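A.B. asks: Supplied in structure tokens, the structure appears directly below.
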Amino acid sequence: MGTVLKSYTNIFAHVLRLRQACCHPVLIRKKEIVDDEMMAEAEYDAAKGFSDDMDLNALIDRYSAEENNASPNLYGANALKEIRDNVENECPMCLSDPMPDQTVTGCLHAACKGCWVHLIEVRVK
């Protein structure tokens, strides 16, 4: 009987690792490698002139302009304009209207800063 329970526990541990790998690969990777990748990403953002406190209108201008004879990022520009124009709308998380202290994630989702902080705190626990 003990061998069967040990096998179940072992299987569940492997299933957990597979779920972590699918949802958040960072959870099963070596910390040193993840830290190196985070540093490289921060250096890339700094070299490209991106920062966490950028002005939304400056980003729209940047995405709309042609850089190095490349086509402009019309999707990015349109998404940022949509976010700017919808600042008067309600927060999709807490439904406060208008949205106080609008914050936009890297994947272009917008919500109030308090909701993002609360979501992160809940997810970390």
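By convention in this document, the chains of the structure tokens carry letters A, B, ... by their order, each chain's residues are numbered from 1, and ligands are numbered from 1 in the order they are shown.
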Find the spatial neighbours of region 3-16 of chain A, counting only C-alpha atoms, within a cut-off of 12 Å - ignore same-chain residues fewer than 5 positions away - and output them as a PyMOL selection string.
C.D. replies: chain A and resi 21-24+27-28
A.B. asks: Could you pull the residues within 8 Å of Pro100 (chain A), counting only C-alpha atoms, minus those fewer than 6 positions along the same chain, as a PyMOL selection string?
C.D. replies: chain A and resi 91+112-113
A.B. asks: Rounded to one decimal in Å, what is the spacing between CA of Lys48 (chain A) and CA of Ala110 (chain A)?
C.D. replies: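 So the answer is 22.7 Å.
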A.B. asks: Would you compute the distance between CA of Leu108 (chain A) and CA of Leu80 (chain A)? Give it in Å to one decimal.
C.D. replies: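 So the answer is 7.5 Å.
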